[in-house]
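A.B. asks: For reference, the file final03.cif (mmCIF, C-alpha atoms) is included below:
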data_structure
loop_
_atom_site.label_atom_id
_atom_site.label_comp_id
_atom_site.auth_asym_id
_atom_site.auth_seq_id
_atom_site.Cartn_x
_atom_site.Cartn_y
_atom_site.Cartn_z
CA MET A 9 -4.36 -18.11 60.74
CA THR A 10 -1.60 -15.98 59.36
CA ASP A 11 -2.21 -13.59 56.46
CA TYR A 12 0.44 -13.30 53.78
CA THR A 13 0.87 -10.54 51.24
CA LEU A 14 2.05 -11.32 47.69
CA THR A 15 3.27 -8.42 45.61
CA LEU A 16 3.20 -9.00 41.82
CA ASP A 17 5.34 -7.11 39.35
CA PRO A 18 3.32 -5.10 36.82
CA VAL A 19 3.17 -7.22 33.68
CA PRO A 20 4.34 -5.57 30.45
CA VAL A 21 2.40 -6.24 27.30
CA VAL A 22 3.93 -6.68 23.86
CA LYS A 23 1.74 -7.90 21.02
CA VAL A 24 1.76 -7.54 17.27
CA LEU A 25 -1.42 -5.95 15.97
CA LYS A 26 -0.43 -5.57 12.34
CA THR A 27 2.34 -5.78 9.84
CA LEU A 28 3.90 -2.41 9.20
CA SER A 29 3.53 -1.70 5.48
CA LEU A 30 6.05 0.53 3.74
CA GLU A 31 6.07 2.07 0.30
CA ALA A 32 9.04 1.38 -1.97
CA SER A 33 10.54 4.72 -0.87
CA GLY A 34 10.62 3.57 2.76
CA ALA A 35 7.76 5.82 3.84
CA ALA A 36 4.86 4.32 5.77
CA SER A 37 1.84 3.58 3.58
CA VAL A 38 -0.61 4.25 6.41
CA ALA A 39 -1.27 7.60 8.03
CA ASP A 40 -0.60 6.50 11.64
CA ASP A 41 2.34 4.16 11.97
CA SER A 42 3.28 5.03 15.58
CA LEU A 43 2.60 1.46 16.81
CA VAL A 44 2.11 2.93 20.30
CA GLU A 45 -0.98 0.77 20.79
CA PHE A 46 0.92 -2.50 20.75
CA LEU A 47 3.42 -1.62 23.47
CA ASN A 48 2.86 -1.19 27.22
CA ASN A 49 6.05 -0.70 29.20
CA GLY A 50 4.74 -1.83 32.55
CA GLU A 51 5.71 0.04 35.70
CA GLY A 52 9.46 0.07 36.16
CA TRP A 53 10.19 -1.68 32.88
CA THR A 54 12.24 -0.13 30.11
CA SER A 55 12.00 -0.57 26.37
CA THR A 56 14.89 -0.99 23.95
CA ILE A 57 15.36 -2.16 20.38
CA ASP A 58 16.75 -5.67 20.57
CA SER A 59 17.40 -6.00 16.84
CA PHE A 60 16.25 -5.00 13.38
CA THR A 61 16.62 -6.90 10.12
CA GLY A 62 15.92 -6.88 6.39
CA CYS A 63 14.61 -3.65 4.91
CA ILE A 64 14.94 -1.79 8.23
CA THR A 65 18.23 0.11 8.34
CA GLU A 66 17.82 1.95 11.66
CA ALA A 67 15.46 1.66 14.63
CA SER A 68 15.19 3.28 18.05
CA ILE A 69 12.56 3.59 20.74
CA VAL A 70 11.66 6.22 23.32
CA GLY A 71 8.90 5.16 25.68
CA THR A 72 6.32 3.65 23.40
CA THR A 73 7.29 5.41 20.18
CA ILE A 74 9.40 3.56 17.63
CA THR A 75 11.38 5.52 15.07
CA TYR A 76 12.73 3.60 12.09
CA SER A 77 14.31 4.05 8.68
CA ALA A 78 14.21 1.89 5.58
CA GLY A 79 16.13 2.07 2.34
CA THR A 80 14.52 2.29 -1.09
CA ASN A 81 13.38 -1.01 -2.57
CA SER A 82 14.19 -0.60 -6.26
CA GLY A 83 13.12 -4.14 -7.17
CA LYS A 84 9.57 -5.01 -8.22
CA SER A 85 9.05 -7.66 -5.54
CA PRO A 86 8.34 -6.80 -1.89
CA VAL A 87 11.00 -7.27 0.79
CA ALA A 88 10.58 -8.05 4.48
CA GLY A 89 12.11 -6.92 7.73
CA THR A 90 11.57 -6.99 11.49
CA ILE A 91 11.92 -4.73 14.49
CA VAL A 92 12.29 -6.62 17.77
CA VAL A 93 11.38 -4.65 20.91
CA LYS A 94 12.72 -5.82 24.28
CA LEU A 95 11.16 -4.92 27.62
CA THR A 96 13.33 -5.35 30.72
CA SER A 97 12.29 -5.15 34.38
CA GLY A 98 13.84 -2.49 36.58
CA ASP A 99 16.04 -4.97 38.41
CA GLY A 100 17.19 -6.57 35.16
CA THR A 101 15.97 -10.04 36.10
CA LYS A 102 13.05 -10.30 33.70
CA SER A 103 12.57 -9.49 30.04
CA THR A 104 10.21 -10.13 27.16
CA THR A 105 10.28 -9.32 23.47
CA GLY A 106 7.80 -8.54 20.73
CA THR A 107 8.35 -8.42 16.99
CA VAL A 108 7.01 -5.89 14.53
CA ASN A 109 6.91 -7.52 11.09
CA VAL A 110 7.63 -5.16 8.21
CA SER A 111 6.71 -5.53 4.55
CA GLN A 112 8.08 -3.06 2.00
CA ARG A 113 6.55 -3.01 -1.45
CA GLY A 114 8.63 -3.04 -4.60
CA THR A 115 9.05 -0.26 -7.12
CA ALA A 116 6.49 -0.96 -9.82
CA TYR A 117 4.73 1.25 -12.33
CA TYR A 118 1.56 1.37 -14.35
CA VAL A 119 2.89 1.85 -17.88
CA LYS A 120 0.91 3.35 -20.77
CA VAL A 121 -0.33 0.85 -23.33
CA THR A 122 0.45 2.33 -26.73
CA SER A 123 -0.66 -0.46 -29.07
CA ASN A 124 -2.81 -3.59 -29.17
CA LEU A 125 -2.03 -6.51 -26.88
CA ALA A 126 -2.70 -10.16 -27.68
CA ASP A 127 -4.53 -10.35 -24.34
CA PHE A 128 -5.45 -7.27 -22.32
CA SER A 129 -5.92 -9.22 -19.09
CA GLY A 130 -4.18 -7.47 -16.19
CA ARG A 131 -4.41 -4.65 -13.67
CA TYR A 132 -4.87 -1.13 -14.98
CA LEU A 133 -5.47 2.51 -14.33
CA ILE A 134 -8.12 3.95 -16.65
CA VAL A 135 -6.99 7.49 -17.40
CA ASN A 136 -7.79 10.66 -19.29
CA GLU A 137 -4.41 12.30 -19.75
CA GLY A 138 -5.80 15.67 -20.79
CA ALA A 139 -7.65 16.13 -17.53
CA ALA A 140 -5.01 14.28 -15.44
CA LYS A 141 -7.83 12.14 -14.05
CA MET A 142 -8.30 8.43 -13.53
CA PHE A 143 -11.45 6.38 -13.12
CA ASP A 144 -11.59 5.81 -9.36
CA GLY A 145 -11.85 2.06 -8.82
CA SER A 146 -12.01 2.43 -5.04
CA LEU A 147 -15.59 3.73 -5.12
CA ALA A 148 -18.57 1.69 -4.03
CA ALA A 149 -21.91 1.18 -5.76
CA SER A 150 -23.70 4.32 -6.97
CA ALA A 151 -20.63 6.51 -6.37
CA LEU A 152 -19.23 4.95 -9.55
CA GLU A 153 -21.88 6.73 -11.63
CA ALA A 154 -20.89 10.37 -11.21
CA ASN A 155 -17.89 12.41 -10.10
CA ASN A 156 -16.04 9.11 -10.27
CA THR A 157 -12.55 10.47 -10.83
CA ALA A 158 -9.35 10.93 -8.87
CA ALA A 159 -6.25 12.94 -9.72
CA VAL A 160 -3.37 11.05 -11.31
CA THR A 161 0.28 12.02 -11.68
CA ILE A 162 1.88 10.75 -14.90
CA THR A 163 5.63 10.97 -15.47
CA ASP A 164 7.23 9.71 -18.67
CA SER A 165 4.10 7.70 -19.50
CA LYS A 166 4.22 5.92 -16.14
CA VAL A 167 2.32 6.09 -12.84
CA LEU A 168 3.99 4.87 -9.65
CA SER A 169 2.21 1.96 -7.99
CA THR A 170 1.38 2.80 -4.37
CA ASP A 171 -1.22 1.49 -1.94
CA ALA A 172 -3.36 4.55 -2.68
CA THR A 173 -3.03 4.17 -6.45
CA ASP A 174 -3.63 0.41 -6.41
CA ALA A 175 -6.87 0.97 -4.50
CA LYS A 176 -8.17 2.94 -7.50
CA SER A 177 -7.18 0.38 -10.12
CA TRP A 178 -9.22 -1.90 -12.38
CA THR A 179 -8.77 -5.53 -13.37
CA ILE A 180 -9.45 -6.52 -16.98
CA THR A 181 -10.05 -10.24 -17.52
CA LYS A 182 -10.63 -12.17 -20.70
CA GLY A 183 -13.37 -14.79 -20.91
CA ASP A 184 -14.98 -14.56 -17.47
CA SER A 185 -18.31 -12.89 -18.29
CA LYS A 186 -21.30 -15.00 -17.28
CA THR A 187 -22.66 -16.53 -20.45
CA ALA A 188 -25.99 -17.26 -18.75
CA PHE A 189 -26.94 -13.65 -19.41
CA TRP A 190 -26.30 -14.06 -23.12
CA SER A 191 -28.58 -16.31 -25.15
CA GLY A 192 -30.50 -16.44 -28.41
CA ALA A 193 -29.28 -13.86 -30.88
CA ASN A 194 -26.76 -12.64 -28.29
CA ALA A 195 -25.30 -16.06 -27.46
CA THR A 196 -22.06 -15.40 -29.32
CA LYS A 197 -21.55 -11.85 -28.06
CA PRO A 198 -19.20 -12.83 -25.19
CA ASP A 199 -16.84 -14.20 -27.83
CA GLU A 200 -16.94 -10.95 -29.79
CA TYR A 201 -16.61 -8.80 -26.65
CA PRO A 202 -14.46 -11.04 -24.44
CA TYR A 203 -13.37 -8.75 -21.59
CA SER A 204 -14.76 -7.82 -18.20
CA ILE A 205 -13.72 -4.69 -16.27
CA ARG A 206 -13.82 -4.90 -12.46
CA SER A 207 -13.02 -2.18 -9.92
CA ALA A 208 -10.66 -2.72 -7.00
CA SER A 209 -13.76 -2.23 -4.82
CA GLY A 210 -15.36 -5.29 -6.44
CA TYR A 211 -17.81 -3.91 -9.03
CA TYR A 212 -18.05 -4.83 -12.70
CA VAL A 213 -19.05 -1.96 -14.99
CA GLY A 214 -20.71 -1.86 -18.38
CA VAL A 215 -24.10 -1.26 -19.98
CA PHE A 216 -27.17 -3.45 -19.72
CA ALA A 217 -30.23 -1.39 -18.80
CA ILE A 218 -31.82 1.40 -20.84
CA ALA A 219 -32.28 3.50 -17.71
CA LYS A 220 -28.53 3.87 -17.29
CA TYR A 221 -27.69 4.69 -20.88
CA PRO A 222 -25.74 6.79 -21.48
CA GLY A 223 -24.14 6.33 -18.10
CA LEU A 224 -22.94 3.27 -16.27
CA ASN A 225 -24.28 -0.01 -14.97
CA TYR A 226 -22.45 -1.81 -12.19
CA ASN A 227 -22.89 -4.99 -10.17
CA THR A 228 -20.93 -7.74 -8.47
CA ASP A 229 -22.45 -10.44 -10.69
CA ASN A 230 -20.57 -10.08 -13.94
CA LYS A 231 -22.87 -9.71 -16.94
CA PHE A 232 -21.06 -7.00 -18.90
CA ILE A 233 -18.92 -7.57 -22.00
CA HIS A 234 -16.35 -5.38 -23.74
CA ASN A 235 -13.84 -5.41 -26.53
CA ILE A 236 -10.61 -3.43 -26.29
CA THR A 237 -8.28 -2.00 -28.90
CA VAL A 238 -5.51 0.59 -28.64
CA THR A 239 -4.49 2.91 -31.46
CA ALA A 240 -1.77 5.53 -31.12
CA GLY A 241 -2.03 5.35 -27.33
CA ASP A 242 -5.79 5.85 -27.09
CA ALA A 243 -7.89 2.93 -25.89
CA GLU A 244 -11.24 2.12 -27.43
CA VAL A 245 -13.26 0.17 -24.88
CA THR A 246 -16.35 -0.99 -26.76
CA SER A 247 -19.27 -2.35 -24.75
CA TYR A 248 -22.23 -4.26 -26.14
CA HIS A 249 -25.71 -3.14 -25.09
CA PRO A 250 -28.06 -6.16 -25.36
CA THR A 251 -31.34 -4.26 -25.06
CA LYS A 252 -30.41 -1.80 -27.79
CA ALA A 253 -28.45 -4.45 -29.74
CA ALA A 254 -25.79 -1.81 -30.25
CA GLU A 255 -22.30 -0.85 -29.25
CA ALA A 256 -21.36 1.82 -26.74
CA TRP A 257 -18.01 3.29 -25.73
CA MET A 258 -16.27 4.22 -22.52
CA ARG A 259 -15.16 7.84 -22.64
CA TYR A 260 -14.24 10.68 -20.30
CA HIS A 261 -17.17 13.11 -20.15
CA SER A 262 -15.58 16.47 -19.45
CA GLY A 263 -18.91 18.19 -18.79
CA LYS A 264 -19.86 15.70 -16.07
CA THR A 265 -16.26 15.13 -14.95
CA ALA A 266 -16.85 11.40 -15.07
CA PHE A 267 -15.97 8.25 -16.96
CA LEU A 268 -19.14 7.01 -18.64
CA ILE A 269 -20.28 4.61 -21.33
CA LEU A 270 -21.85 6.48 -24.22
CA GLY A 271 -23.68 5.60 -27.39
CA THR A 272 -21.76 8.18 -29.38
CA TYR A 273 -18.35 9.76 -29.11
CA GLY A 274 -19.75 13.27 -29.41
CA ASN A 275 -17.28 15.74 -28.02
CA GLN A 276 -16.22 13.41 -25.24
CA GLN A 277 -12.61 12.58 -24.68
CA PRO A 278 -10.68 9.34 -25.27
CA ILE A 279 -9.24 7.23 -22.50
CA GLN A 280 -5.82 5.69 -22.03
CA LEU A 281 -4.89 2.44 -20.29
CA TYR A 282 -1.91 2.15 -17.95
CA LYS A 283 -1.01 -1.46 -17.16
CA LEU A 284 0.74 -2.59 -14.00
CA GLU A 285 4.17 -4.06 -14.72
CA GLU A 286 4.56 -7.76 -14.09
CA ASP A 287 7.59 -9.35 -12.44
#
Any chance you could give the structure as structure tokens?
C.D. replies:
Amino acid sequence: MTDYTLTLDPVPVVKVLKTLSLEASGAASVADDSLVEFLNNGEGWTSTIDSFTGCITEASIVGTTITYSAGTNSGKSPVAGTIVVKLTSGDGTKSTTGTVNVSQRGTAYYVKVTSNLADFSGRYLIVNEGAAKMFDGSLAASALEANNTAAVTITDSKVLSTDATDAKSWTITKGDSKTAFWSGANATKPDEYPYSIRSASGYYVGVFAIAKYPGLNYNTDNKFIHNITVTAGDAEVTSYHPTKAAEAWMRYHSGKTAFLILGTYGNQQPIQLYKLEED
């Protein structure tokens, strides 16, 4: 019997792990965008940029590190692009490619609401301009109750929409509160207080239990109801407390550095609503 030896070329690996997300400015919206993990040259193989398209204006590669540039997307809608990486064997007889898909967000702003709207449904930042703080909608569960703020930068009554800012936003919806929680004397209250307020992290906020009043209730099963008006740029978010059969108000509590729902205005500060622009 004769033994034979078969020598195999090292196999390069190219696979797409994620879509590269860019801010409207062209900067990466994630901290580590090196993409090194998706590319393995293979022994004796070289890497080059085969092509780039769309929002990508320049691209180069050294080893396993891709460097790219993107222009500013001044439109509100996202735009797409690609970076195609080519791996070629040392003798030039073999090659393979892999594509990095790129999505660049549009330039959109949260704009201050200065007067009443026919329907307040939409995506918002809940802000106290005096403290330059916003109600942090990225928080989970009990973290919403205290120290629930994040810094906000407001320019000309607008806040730039970014991945980081969007994660802290709130969605206001008309007519979706669960009426099963409201019966008897309170049966008509969802009509009088027609809005729900839900964090980007998935929690509805309001007042329901005495133990959290003043303060904040939260859950993922929407039972809270609110009415909203805006006068001279300040928003009055009025919540109905079923146990106390009374109204309460969302305010910025400067002493506790938190957005809370209170039974009296006291010395607490008003809030402002900044609504995300629609296409």
A.B. asks: Can you list what the PyMOL selection byres ((chain A and resi 56) around 6) grabs from this structure, as a PyMOL selection string?
C.D. replies: chain A and resi 55+57+93-94
A.B. asks: Applied to the shown file, which residues does the PyMOL selection byres ((chain A and resi 225) around 8) return, written as a compact mmCIF listing (two decimals) with C-alpha atoms, keeping the file's coordinate frame?
C.D. replies:
# COMPACT_ATOMS: atom_id res chain seq x y z
CA GLU A 153 -21.88 6.73 -11.63
CA VAL A 213 -19.05 -1.96 -14.99
CA GLY A 214 -20.71 -1.86 -18.38
CA VAL A 215 -24.10 -1.26 -19.98
CA PHE A 216 -27.17 -3.45 -19.72
CA ALA A 217 -30.23 -1.39 -18.80
CA LYS A 220 -28.53 3.87 -17.29
CA GLY A 223 -24.14 6.33 -18.10
CA LEU A 224 -22.94 3.27 -16.27
CA TYR A 226 -22.45 -1.81 -12.19
CA ASN A 227 -22.89 -4.99 -10.17
A.B. asks: For Arg206 in chain A, which of A:Ser129, A:Asn136, A:Ser165, A:Thr107 is the closest residue, counting only C-alpha atoms?
C.D. replies: A:Ser129
A.B. asks: If I take CA of Ser262 in chain A and CA of Ala149 in chain A, how far is one from the other in Å, to one decimal?
C.D. replies: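 Here the two named atoms are 21.5 Å from each other.
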A.B. asks: Env of Lys283 in chain A: 12 Å cut, atoms = all atoms listed in the file, seq-sep filter 2 positions within chain, self excluded. Answer as a count of residues only.
C.D. replies: 33
A.B. asks: Taking the file as I've supplied it (selection: the PyMOL selection byres ((chain A and resi 199) around 10)), which residues are included? Please answer as a list in words.
C.D. replies: Lys182, Gly183, Ser185, Thr187, Ala195, Thr196, Lys197, Pro198, Glu200, Tyr201, Pro202, Tyr203, Ile233, His234 and Asn235 of chain A
A.B. asks: Pick from A:Val70, A:Ala148, A:Met142, A:Ala240: nearest to Thr173 in chain A, with only C-alpha atoms counted?
C.D. replies: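 With only C-alpha atoms as the atom set, the closest residue is A:Met142.
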A.B. asks: Rounded to one decimal place, report the CA of Ala208 in chain A-CA of Phe189 in chain A distance in Å.
C.D. replies: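 CA of Ala208 in chain A sits 23.2 Å away from CA of Phe189 in chain A.
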A.B. asks: Nearest residue to Ala36 in chain A out of A:Gln277, A:Thr105, A:Ser150, A:Gln112, using only C-alpha atoms?
C.D. replies: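 Of all the options, A:Gln112 lies closest to Ala36 in chain A.
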A.B. asks: To one decimal place, how far is CA of Val160 in chain A from CA of Ala139 in chain A in Å?
C.D. replies: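 Separation of CA of Val160 in chain A and CA of Ala139 in chain A: 9.1 Å.
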A.B. asks: Counting only C-alpha atoms, figure out which residue out of A:Lys84, A:Leu30, A:Lys141, A:Asp164 gets nearest to Asn109 in chain A.
C.D. replies: A:Leu30
A.B. asks: Please tell me which residues are no farther than 6 Å from (9.0, -2.0, 38.2) in the file, counting all atoms listed in the file, and write them as a VMD selection string.
C.D. replies: chain A and resid 51 to 53 97 to 98
A.B. asks: Of the candidates A:Ser146, A:Met258, A:Gly210, A:Ala188, which shows the shortest atom-to-atom distance to Lys231 in chain A, using all atoms listed in the file?
C.D. replies: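 Residue with the minimum atom-to-atom distance to Lys231 in chain A: A:Ala188.
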A.B. asks: For Asp229 in chain A, which of A:Leu28, A:Ile205, A:Ala126, A:Ala78 is the closest residue, counting all atoms listed in the file?
C.D. replies: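 Checking each of A:Leu28, A:Ile205, A:Ala126, A:Ala78 against Asp229 in chain A, counting all atoms listed in the file, the winner is A:Ile205.
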A.B. asks: Around all listed atoms of range 65-82 of chain A, padded 4 Å per side, what centre and edge lengths does the axis-aligned box have in Å to one decimal, as AutoDock Vina command-line options?
C.D. replies:
--center_x 12.3 --center_y 2.6 --center_z 9.7 --size_x 19.9 --size_y 15.2 --size_z 39.9
